[in-house]
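Structure file protein_21.cif (mmCIF, C-alpha atoms) follows.
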data_start
#
loop_
_atom_site.label_atom_id
_atom_site.label_comp_id
_atom_site.auth_asym_id
_atom_site.auth_seq_id
_atom_site.Cartn_x
_atom_site.Cartn_y
_atom_site.Cartn_z
CA MET A 1 57.52 85.96 71.67
CA SER A 2 59.79 84.33 69.15
CA LYS A 3 61.09 80.87 69.79
CA SER A 4 64.68 79.90 69.17
CA THR A 5 65.36 77.17 66.67
CA ASN A 6 69.10 77.22 67.28
CA MET A 7 69.56 77.06 71.04
CA PRO A 8 72.83 75.68 72.40
CA ARG A 9 72.66 71.96 72.91
CA PRO A 10 73.04 70.97 76.54
CA ILE A 11 76.52 69.76 77.35
CA ARG A 12 76.50 66.52 79.31
CA THR A 13 78.30 67.09 82.59
CA PRO A 14 79.86 64.18 84.48
CA SER A 15 78.62 63.36 87.96
CA ARG A 16 80.48 64.69 90.98
CA ALA A 17 81.78 61.18 91.61
CA ALA A 18 83.14 61.04 88.08
CA CYS A 19 84.64 64.51 88.50
CA ARG A 20 86.35 63.36 91.68
CA GLN A 21 87.70 60.25 89.98
CA LYS A 22 88.99 62.29 87.04
CA ARG A 23 90.49 64.88 89.39
CA THR A 24 92.26 62.21 91.44
CA GLY A 25 93.58 60.55 88.30
CA ARG A 26 94.86 63.81 86.93
CA LEU A 27 96.63 64.64 90.18
CA SER A 28 98.40 61.30 90.24
CA ALA A 29 99.47 61.85 86.65
CA VAL A 30 101.22 65.11 87.49
CA ALA A 31 102.51 64.11 90.91
CA VAL A 32 106.00 63.45 89.55
CA ASN A 33 106.31 67.09 88.49
CA ALA A 34 104.47 68.58 91.46
CA SER A 35 107.60 69.95 93.13
CA GLN A 36 108.47 71.85 89.97
CA ASP A 37 105.16 73.69 89.79
CA PRO A 38 104.38 76.92 91.66
CA LEU A 39 102.38 76.68 94.87
CA MET A 40 99.29 78.19 93.29
CA VAL A 41 99.22 75.65 90.46
CA ARG A 42 99.56 72.73 92.85
CA THR A 43 96.85 74.11 95.11
CA ALA A 44 94.42 74.73 92.26
CA ARG A 45 94.87 71.10 91.23
CA GLY A 46 93.88 70.00 94.72
CA GLU A 47 97.29 68.82 95.85
CA ALA A 48 98.25 68.93 99.51
CA CYS A 49 100.50 71.95 100.04
CA GLU A 50 102.28 73.61 102.93
CA ARG A 51 100.04 76.70 102.96
CA ALA A 52 97.44 78.52 100.91
CA PRO A 53 98.83 80.61 98.04
CA ALA A 54 97.59 84.19 97.76
CA TRP A 55 97.08 86.77 95.05
CA MET A 56 94.55 89.59 94.56
CA MET A 57 92.26 90.48 91.72
CA ARG A 58 93.26 93.93 90.44
CA GLN A 59 96.49 93.64 92.40
CA ALA A 60 98.08 95.83 89.73
CA GLY A 61 96.21 99.10 89.65
CA ARG A 62 95.42 102.55 90.91
CA TYR A 63 95.87 101.86 94.62
CA GLN A 64 99.62 101.64 93.95
CA GLN A 65 101.61 104.85 93.71
CA ALA A 66 103.89 103.25 91.12
CA TYR A 67 100.89 102.61 88.87
CA ARG A 68 99.55 106.15 89.29
CA ASP A 69 102.95 107.58 88.40
CA LEU A 70 103.14 105.46 85.28
CA ALA A 71 99.55 106.36 84.30
CA LEU A 72 100.47 110.05 84.33
CA LYS A 73 103.04 109.36 81.63
CA HIS A 74 100.75 106.99 79.72
CA PRO A 75 97.20 108.25 80.32
CA GLY A 76 95.35 105.94 77.92
CA PHE A 77 94.23 102.60 79.32
CA ARG A 78 94.57 100.88 75.97
CA GLU A 79 98.11 102.17 75.65
CA ARG A 80 98.96 100.76 79.06
CA SER A 81 97.24 97.43 78.36
CA GLU A 82 98.33 96.93 74.74
CA ASN A 83 102.03 97.74 74.94
CA THR A 84 104.24 94.80 75.91
CA ASP A 85 106.75 96.85 77.91
CA LEU A 86 104.02 98.64 79.87
CA ILE A 87 102.00 95.47 80.45
CA CYS A 88 105.01 93.73 81.94
CA GLN A 89 106.04 96.72 83.99
CA ILE A 90 102.56 97.10 85.49
CA SER A 91 102.01 93.36 86.01
CA LEU A 92 105.30 93.17 87.93
CA GLN A 93 104.66 96.18 90.18
CA PRO A 94 102.81 94.16 92.86
CA TRP A 95 105.27 91.30 92.44
CA GLU A 96 108.16 93.62 93.22
CA SER A 97 106.30 95.16 96.16
CA PHE A 98 104.51 92.22 97.80
CA LYS A 99 105.67 88.93 96.22
CA PRO A 100 102.20 87.38 95.76
CA ASP A 101 101.97 83.73 94.78
CA GLY A 102 100.28 84.67 91.51
CA VAL A 103 101.19 87.36 88.99
CA ILE A 104 98.25 88.16 86.73
CA LEU A 105 98.59 89.73 83.31
CA PHE A 106 97.62 93.40 83.27
CA SER A 107 94.91 93.51 80.64
CA ASP A 108 91.13 93.74 80.25
CA ILE A 109 88.48 91.18 79.42
CA LEU A 110 87.57 93.25 76.34
CA THR A 111 91.13 93.42 75.00
CA PRO A 112 90.55 90.68 72.39
CA VAL A 113 87.26 92.11 71.10
CA PRO A 114 88.76 94.44 68.43
CA ALA A 115 90.73 91.48 67.10
CA MET A 116 87.36 89.87 66.31
CA GLY A 117 86.08 92.83 64.29
CA ILE A 118 84.18 94.55 67.12
CA ALA A 119 85.27 98.16 67.51
CA MET A 120 85.78 99.14 71.13
CA GLU A 121 87.37 101.86 73.24
CA ILE A 122 88.02 102.04 76.97
CA ASP A 123 87.50 105.34 78.74
CA ASP A 124 89.34 105.60 82.07
CA ARG A 125 86.22 107.04 83.70
CA LYS A 126 83.32 105.54 81.73
CA GLY A 127 84.83 102.15 81.07
CA PRO A 128 84.36 100.17 77.83
CA ILE A 129 82.42 101.83 75.03
CA ILE A 130 81.12 100.08 71.89
CA ASP A 131 79.65 102.67 69.54
CA ASP A 132 77.78 100.15 67.38
CA PRO A 133 76.08 97.76 69.83
CA LEU A 134 74.64 94.60 68.34
CA LYS A 135 70.98 94.81 67.35
CA THR A 136 70.71 92.68 64.21
CA LYS A 137 72.22 89.50 62.75
CA GLU A 138 73.48 91.52 59.79
CA GLN A 139 75.89 93.40 62.04
CA MET A 140 77.65 90.14 62.80
CA SER A 141 78.79 89.90 59.18
CA SER A 142 81.73 92.12 60.09
CA TYR A 143 82.77 89.86 62.98
CA HIS A 144 85.52 87.37 62.24
CA ALA A 145 87.75 84.76 63.82
CA ILE A 146 90.13 86.27 66.30
CA ASN A 147 93.33 87.55 64.73
CA LEU A 148 95.90 86.57 67.31
CA ASP A 149 98.50 88.76 65.63
CA LYS A 150 96.49 91.74 66.85
CA VAL A 151 96.86 90.59 70.45
CA SER A 152 100.48 89.50 70.16
CA PHE A 153 101.33 91.82 73.04
CA VAL A 154 99.39 89.46 75.30
CA GLY A 155 101.40 86.41 74.31
CA GLU A 156 104.67 88.30 74.41
CA SER A 157 103.90 89.66 77.88
CA LEU A 158 102.99 86.27 79.30
CA SER A 159 106.24 84.78 78.03
CA ILE A 160 108.26 87.62 79.55
CA LEU A 161 106.41 87.36 82.87
CA ARG A 162 107.20 83.65 83.07
CA ASN A 163 110.88 84.44 82.68
CA GLU A 164 110.76 87.30 85.18
CA VAL A 165 109.06 85.46 88.07
CA GLY A 166 110.57 82.04 87.38
CA ASP A 167 109.33 79.47 89.87
CA GLY A 168 108.55 82.13 92.45
CA ALA A 169 104.93 82.53 91.45
CA ALA A 170 102.34 81.31 88.97
CA VAL A 171 101.62 83.50 85.97
CA LEU A 172 97.89 83.97 85.42
CA GLY A 173 96.06 84.74 82.22
CA PHE A 174 92.36 85.51 82.02
CA VAL A 175 89.40 85.87 79.72
CA GLY A 176 85.87 87.17 79.99
CA SER A 177 82.98 84.74 79.74
CA PRO A 178 80.80 84.93 76.62
CA TRP A 179 77.82 86.22 78.61
CA THR A 180 79.82 88.97 80.29
CA LEU A 181 81.43 90.07 77.02
CA ALA A 182 78.01 90.00 75.34
CA THR A 183 76.63 92.46 77.88
CA TYR A 184 79.06 95.06 76.53
CA VAL A 185 78.58 94.13 72.86
CA ILE A 186 74.79 94.44 73.21
CA GLU A 187 74.46 97.22 75.79
CA GLY A 188 77.32 99.22 74.25
CA LYS A 189 78.75 100.13 77.64
CA SER A 190 78.71 99.19 81.30
CA SER A 191 75.25 98.69 82.74
CA THR A 192 73.57 98.25 86.10
CA ILE A 193 70.36 96.57 84.93
CA TYR A 194 71.29 94.85 81.63
CA LYS A 195 67.87 95.55 80.23
CA THR A 196 68.76 95.24 76.54
CA ILE A 197 70.52 91.89 76.69
CA LYS A 198 68.01 90.43 79.13
CA THR A 199 65.18 91.49 76.84
CA MET A 200 66.96 89.89 73.89
CA MET A 201 66.81 86.51 75.66
CA PHE A 202 63.08 86.54 74.90
CA THR A 203 62.67 88.80 71.87
CA ASP A 204 65.57 87.52 69.74
CA PRO A 205 67.11 84.42 71.33
CA GLU A 206 68.56 83.29 67.98
CA LEU A 207 70.68 86.44 67.74
CA LEU A 208 71.83 86.18 71.32
CA ASP A 209 72.79 82.54 70.83
CA ALA A 210 74.66 83.42 67.63
CA LEU A 211 76.70 86.06 69.48
CA LEU A 212 77.40 83.86 72.51
CA SER A 213 78.41 80.93 70.31
CA PHE A 214 80.73 83.19 68.31
CA LEU A 215 82.30 84.59 71.48
CA ALA A 216 82.71 81.12 73.02
CA SER A 217 84.62 79.89 69.98
CA GLU A 218 86.92 82.89 69.72
CA ILE A 219 87.53 83.29 73.45
CA ALA A 220 88.44 79.60 73.60
CA ALA A 221 91.10 80.24 70.95
CA TYR A 222 92.30 83.28 72.91
CA ALA A 223 92.45 81.31 76.15
CA ILE A 224 94.48 78.53 74.53
CA TYR A 225 96.81 81.17 73.07
CA GLN A 226 97.42 82.53 76.57
CA ILE A 227 98.20 79.11 77.98
CA LYS A 228 100.51 78.34 75.07
CA SER A 229 102.28 81.67 75.66
CA GLY A 230 102.98 80.97 79.32
CA ALA A 231 99.86 81.27 81.49
CA GLN A 232 100.04 78.58 84.17
CA VAL A 233 96.54 79.27 85.50
CA LEU A 234 93.68 80.80 83.55
CA GLN A 235 90.74 82.61 85.14
CA ILE A 236 87.38 83.01 83.43
CA PHE A 237 85.58 86.14 84.61
CA ASP A 238 81.83 85.71 84.37
CA SER A 239 81.66 89.10 86.05
CA TRP A 240 78.00 89.74 85.28
CA GLY A 241 76.80 86.14 85.43
CA GLY A 242 75.43 86.84 88.89
CA GLN A 243 72.95 89.23 87.29
CA LEU A 244 71.09 86.24 85.88
CA PRO A 245 68.61 84.07 87.80
CA PRO A 246 70.13 80.61 88.24
CA THR A 247 67.91 78.93 85.64
CA LEU A 248 68.77 81.59 83.07
CA TRP A 249 72.47 81.39 83.93
CA GLU A 250 72.18 77.67 83.27
CA LYS A 251 70.87 78.44 79.79
CA TRP A 252 72.68 81.62 78.73
CA SER A 253 76.06 81.48 80.44
CA LYS A 254 77.02 77.98 81.53
CA PRO A 255 76.98 76.17 78.14
CA TYR A 256 79.23 78.78 76.55
CA ILE A 257 81.66 78.69 79.48
CA GLN A 258 81.76 74.93 79.12
CA GLN A 259 82.78 75.28 75.48
CA ILE A 260 85.82 77.29 76.58
CA VAL A 261 86.66 74.85 79.37
CA GLN A 262 86.40 71.83 77.10
CA ALA A 263 88.57 73.44 74.42
CA CYS A 264 91.28 74.33 76.96
CA LYS A 265 91.21 70.94 78.63
CA ALA A 266 91.45 69.18 75.28
CA GLU A 267 94.83 70.82 74.63
CA TYR A 268 96.07 71.60 78.15
CA PRO A 269 94.40 69.17 80.57
CA ASP A 270 96.76 69.97 83.44
CA THR A 271 96.41 73.76 83.36
CA PRO A 272 94.06 74.79 86.16
CA LEU A 273 91.03 76.88 85.22
CA THR A 274 89.22 79.17 87.65
CA LEU A 275 85.68 80.50 87.24
CA TYR A 276 84.73 83.70 89.05
CA ALA A 277 81.31 85.36 88.98
CA ASN A 278 80.44 88.35 91.10
CA GLY A 279 77.22 87.86 93.08
CA SER A 280 77.34 84.12 92.53
CA GLY A 281 75.97 82.88 95.85
CA GLY A 282 73.00 81.34 94.08
CA LEU A 283 75.13 79.73 91.38
CA LEU A 284 77.86 77.83 93.22
CA GLU A 285 76.65 74.30 92.63
CA ARG A 286 75.98 75.09 88.97
CA MET A 287 79.41 76.69 88.56
CA SER A 288 81.09 73.56 89.91
CA THR A 289 79.63 71.50 87.04
CA THR A 290 81.33 73.53 84.30
CA GLY A 291 84.53 71.48 84.47
CA VAL A 292 86.78 74.15 86.00
CA ASP A 293 89.28 73.30 88.73
CA THR A 294 88.59 76.25 91.04
CA ILE A 295 85.52 78.29 91.94
CA GLY A 296 86.19 81.94 92.76
CA LEU A 297 83.95 83.29 95.53
CA ASP A 298 82.91 86.84 96.21
CA TRP A 299 82.84 88.13 99.78
CA THR A 300 79.05 87.79 100.23
CA THR A 301 79.26 84.00 100.60
CA ASP A 302 80.61 82.58 103.84
CA MET A 303 83.56 80.34 103.07
CA ALA A 304 82.27 77.59 105.35
CA ASP A 305 78.93 77.59 103.55
CA ALA A 306 80.67 77.49 100.18
CA ARG A 307 82.80 74.52 101.22
CA ALA A 308 79.75 72.68 102.51
CA ARG A 309 77.92 73.29 99.25
CA LEU A 310 80.82 72.55 96.89
CA GLY A 311 82.53 69.73 98.72
CA ASN A 312 86.18 68.91 98.18
CA ASP A 313 86.05 67.87 94.53
CA VAL A 314 86.80 71.42 93.41
CA SER A 315 89.22 74.01 94.77
CA VAL A 316 88.01 77.38 95.99
CA GLN A 317 89.43 80.89 95.71
CA GLY A 318 88.73 83.94 97.84
CA ASN A 319 87.08 85.47 99.56
CA VAL A 320 88.12 88.20 102.02
CA ASP A 321 86.04 91.39 101.82
CA PRO A 322 88.19 93.98 99.98
CA ALA A 323 87.01 96.64 102.44
CA ILE A 324 88.83 94.90 105.29
CA LEU A 325 92.07 96.27 103.84
CA PHE A 326 91.00 99.70 105.09
CA ALA A 327 90.84 98.38 108.66
CA ASP A 328 93.67 97.90 111.13
CA GLN A 329 96.11 95.08 110.63
CA GLU A 330 94.70 92.99 113.46
CA ALA A 331 91.37 92.90 111.64
CA ILE A 332 93.11 91.91 108.41
CA THR A 333 94.93 89.07 110.15
CA ALA A 334 91.68 87.86 111.71
CA ALA A 335 89.92 87.92 108.34
CA ILE A 336 92.71 85.87 106.72
CA LYS A 337 92.63 83.28 109.49
CA ASP A 338 88.85 83.06 109.40
CA CYS A 339 88.81 82.54 105.64
CA ARG A 340 91.59 79.99 105.60
CA SER A 341 90.31 77.98 108.55
CA LYS A 342 86.90 77.64 106.90
CA ALA A 343 88.38 76.77 103.51
CA GLY A 344 90.44 73.93 104.92
CA ALA A 345 93.94 72.72 104.28
CA THR A 346 93.53 71.53 100.68
CA GLY A 347 92.50 73.32 97.53
CA HIS A 348 92.22 76.93 98.71
CA VAL A 349 93.72 79.94 96.94
CA LEU A 350 93.48 82.97 99.21
CA ASN A 351 92.19 86.09 97.48
CA LEU A 352 89.80 88.95 97.99
CA GLY A 353 86.15 88.50 97.11
CA HIS A 354 86.55 91.20 94.46
CA GLY A 355 89.30 93.48 93.17
CA VAL A 356 91.52 95.70 95.31
CA LEU A 357 89.67 98.97 95.90
CA VAL A 358 91.09 102.33 94.87
CA GLY A 359 92.61 104.03 97.90
CA THR A 360 93.57 100.79 99.64
CA PRO A 361 96.69 101.42 101.77
CA GLU A 362 99.64 99.66 100.22
CA GLU A 363 101.01 98.79 103.65
CA ASN A 364 97.84 96.79 104.33
CA VAL A 365 98.20 94.89 101.08
CA ALA A 366 101.76 94.06 102.16
CA HIS A 367 100.44 92.93 105.55
CA PHE A 368 97.89 90.67 103.83
CA PHE A 369 100.57 88.84 101.87
CA ASP A 370 103.15 88.79 104.67
CA THR A 371 100.62 87.40 107.14
CA ASN A 372 99.45 84.68 104.78
CA ARG A 373 103.02 83.61 104.04
CA SER A 374 103.68 83.25 107.77
CA LEU A 375 100.72 80.92 108.36
CA THR A 376 100.93 77.21 107.71
CA HIS A 377 97.72 75.25 107.46
CA ALA A 378 98.29 74.00 110.99
CA SER A 379 98.54 77.52 112.42
CA VAL A 380 95.15 78.88 111.31
#

Whole structure given in structure tokens:
Amino acid sequence: MSKSTNMPRPIRTPSRAACRQKRTGRLSAVAVNASQDPLMVRTARGEACERAPAWMMRQAGRYQQAYRDLALKHPGFRERSENTDLICQISLQPWESFKPDGVILFSDILTPVPAMGIAMEIDDRKGPIIDDPLKTKEQMSSYHAINLDKVSFVGESLSILRNEVGDGAAVLGFVGSPWTLATYVIEGKSSTIYKTIKTMMFTDPELLDALLSFLASEIAAYAIYQIKSGAQVLQIFDSWGGQLPPTLWEKWSKPYIQQIVQACKAEYPDTPLTLYANGSGGLLERMSTTGVDTIGLDWTTDMADARARLGNDVSVQGNVDPAILFADQEAITAAIKDCRSKAGATGHVLNLGHGVLVGTPEENVAHFFDTNRSLTHASV
């Protein structure tokens, strides 16, 4: 087994007490402008608000008839996600239908990868495909600093979305975590077991570190570009971080996420950052030490347990089971009330525990948002 001589240096994380002090100080610093910020931004910062804001991961997508109609005219995913007019049109479809408190950019976590010299395609059925997966350090010679001109449609779309929704909702940008992006670069496609990248942790840790360090640097630049362009909240998707045992997540995902967080906070300290990892029940305490403002929860963790484990120094997001939207509306209402009552009255962004499922009835999505809007913190 080869030993790495260039492992990421551990990033010193402040204590929870220090985090709380910093968080409180930051809130007081922005209190003057609090009324001007959307509900979701204020909630993510931990400010006391009248109710929990709500949005849904994958709230723009195939469950909506409007999206399916548009996809028939524009069948390629990259066309839909790399054309400013189409991005804005799709991003605004759920806003026009349901008025969520957050409008997220329609895009993909792999959208910036070609702008770094990594060839990639997205098949509507198979998902992302990288024909030349990384196996050797020599392959990285063709990788380069992200060319933001090649993702100008992202910046343009965020600016337009800010103008379209005004103060009615927060505009969200997002990026993939270095680990999650690396699973595609190394596996070459979606995986269920991640055998190649997990093996590389032990057989060629220097190469894996080189890739993760490269991705952390370039994704940080991409994240800052999104905030500069208009994103008021930025979510980091460590979608496959939950596939790692906690000690390995601590080594192979967390430090690279922290690099992104630190870069964003250095330039935009008041822009809330959210970290979401699917299957993260064993990672919550570790996730809270990355420096993000909000921890996104999947539906397999009870909200009360999450709050007990995380405390009140960090906001939480989630975590209604997406399948509940196939149930009757009484069940949906009960799930919303259960989630919100357990999350408490401060620092909770209501969401699903994963993306909206294909086939979800649109009327039930409308009920989800309408019901949440009708409930103050005192009424749940």

For this session: Please provide as a PyMOL selection string all residues within 12 Å of Leu39 (chain A), with the sequence filter that same-chain residues fewer than 6 positions apart are discarded (counting all atoms listed in the file).
Result: chain A and resi 45-55+100-102+167-171+232-233+346-350+373

For this session: Check the smallest atom-to-atom distance from each of A:Gly230, A:Gly353, A:Gly76, A:Pro128 to Tyr184 (chain A) using all atoms listed in the file, then report the winner.
Result: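 Under the stated criterion, the closest residue is A:Pro128.
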
Exercise. For Gln226 (chain A), which residue among A:Asp204, A:Glu156, A:Asp69, A:Asp108 is the nearest when counting all atoms listed in the file?
Worked result: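 Closest to Gln226 (chain A), using all atoms listed in the file: A:Glu156.
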
For this session: Compare A:Asp124, A:Asp293, A:Glu138, A:Asp209 by their minimum atom-to-atom distance to Asn312 (chain A), counting only C-alpha atoms, and give me the closest one.
Result: A:Asp293

Could you build a table of the residues in region 36-90 of chain A lying no more than 12 Å from region 295-301 of chain A, giving for each the nearest pair of atoms and their separation in Å rounded to one decimal place, using all atoms listed in the file, ordered by chain and ascending residue number, as CSV?
residue,atom,partner,partner_atom,distance
A:Ala44,CA,A:Ile295,CA,9.6
A:Arg45,CA,A:Ile295,CA,11.8
A:Met56,CA,A:Gly296,CA,11.5
A:Met57,CA,A:Gly296,CA,10.5

For this session: Calculate how many Å separate CA of Leu110 (chain A) from CA of Leu172 (chain A), rounding to one decimal.
Result: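 About the pair CA of Leu110 (chain A) and CA of Leu172 (chain A): they are 16.6 Å apart.
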
Problem set entry | Counting only C-alpha atoms, the residue of A:Gly318, A:Lys228, A:Ala71, A:Gly176 that sits nearest Ser253 (chain A) |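 Of all the options, A:Gly176 lies closest to Ser253 (chain A).
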
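Picture a line from CA of Cys264 (chain A) to CA of Ser91 (chain A); it runs 23.6 Å.
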
Exercise. Any idea what's packed within 8 Å of Gly173 (chain A), counting only C-alpha atoms, ignoring anything in its chain fewer than 3 positions away? Could you give it as a ChimeraX atom specification?
Worked result: /A:104-105,158,223,226-227,231-235

For this session: Provide the CA of Leu310 (chain A) to CA of Glu285 (chain A) distance in Å, to one decimal place.
Result: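 The value is 6.2 Å.
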
Exercise. Written as an MDAnalysis selection string, which residues does the PyMOL selection byres ((chain A and resi 336) around 9) give for the file shown?
Worked result: chainID A and resid 320 331:335 337:341 350 368 371:372 380

Problem set entry | Residues matched by the PyMOL selection byres ((chain A and resi 219) around 9), written as a PyMOL selection string | chain A and resi 112+146+175-178+214-218+220-224+260

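Residues matched by the PyMOL selection byres ((chain A and resi 96-98) around 8) in this structure: Leu92, Gln93, Pro94, Trp95, Lys99, Pro100, Val365, Ala366, Phe369 and Asp370 of chain A.
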
For this session: Considering all atoms listed in the file, state which residue in the set A:His74, A:Ala182, A:Thr289, A:Phe174 is at the smallest distance from Ile236 (chain A).
Result: A:Phe174
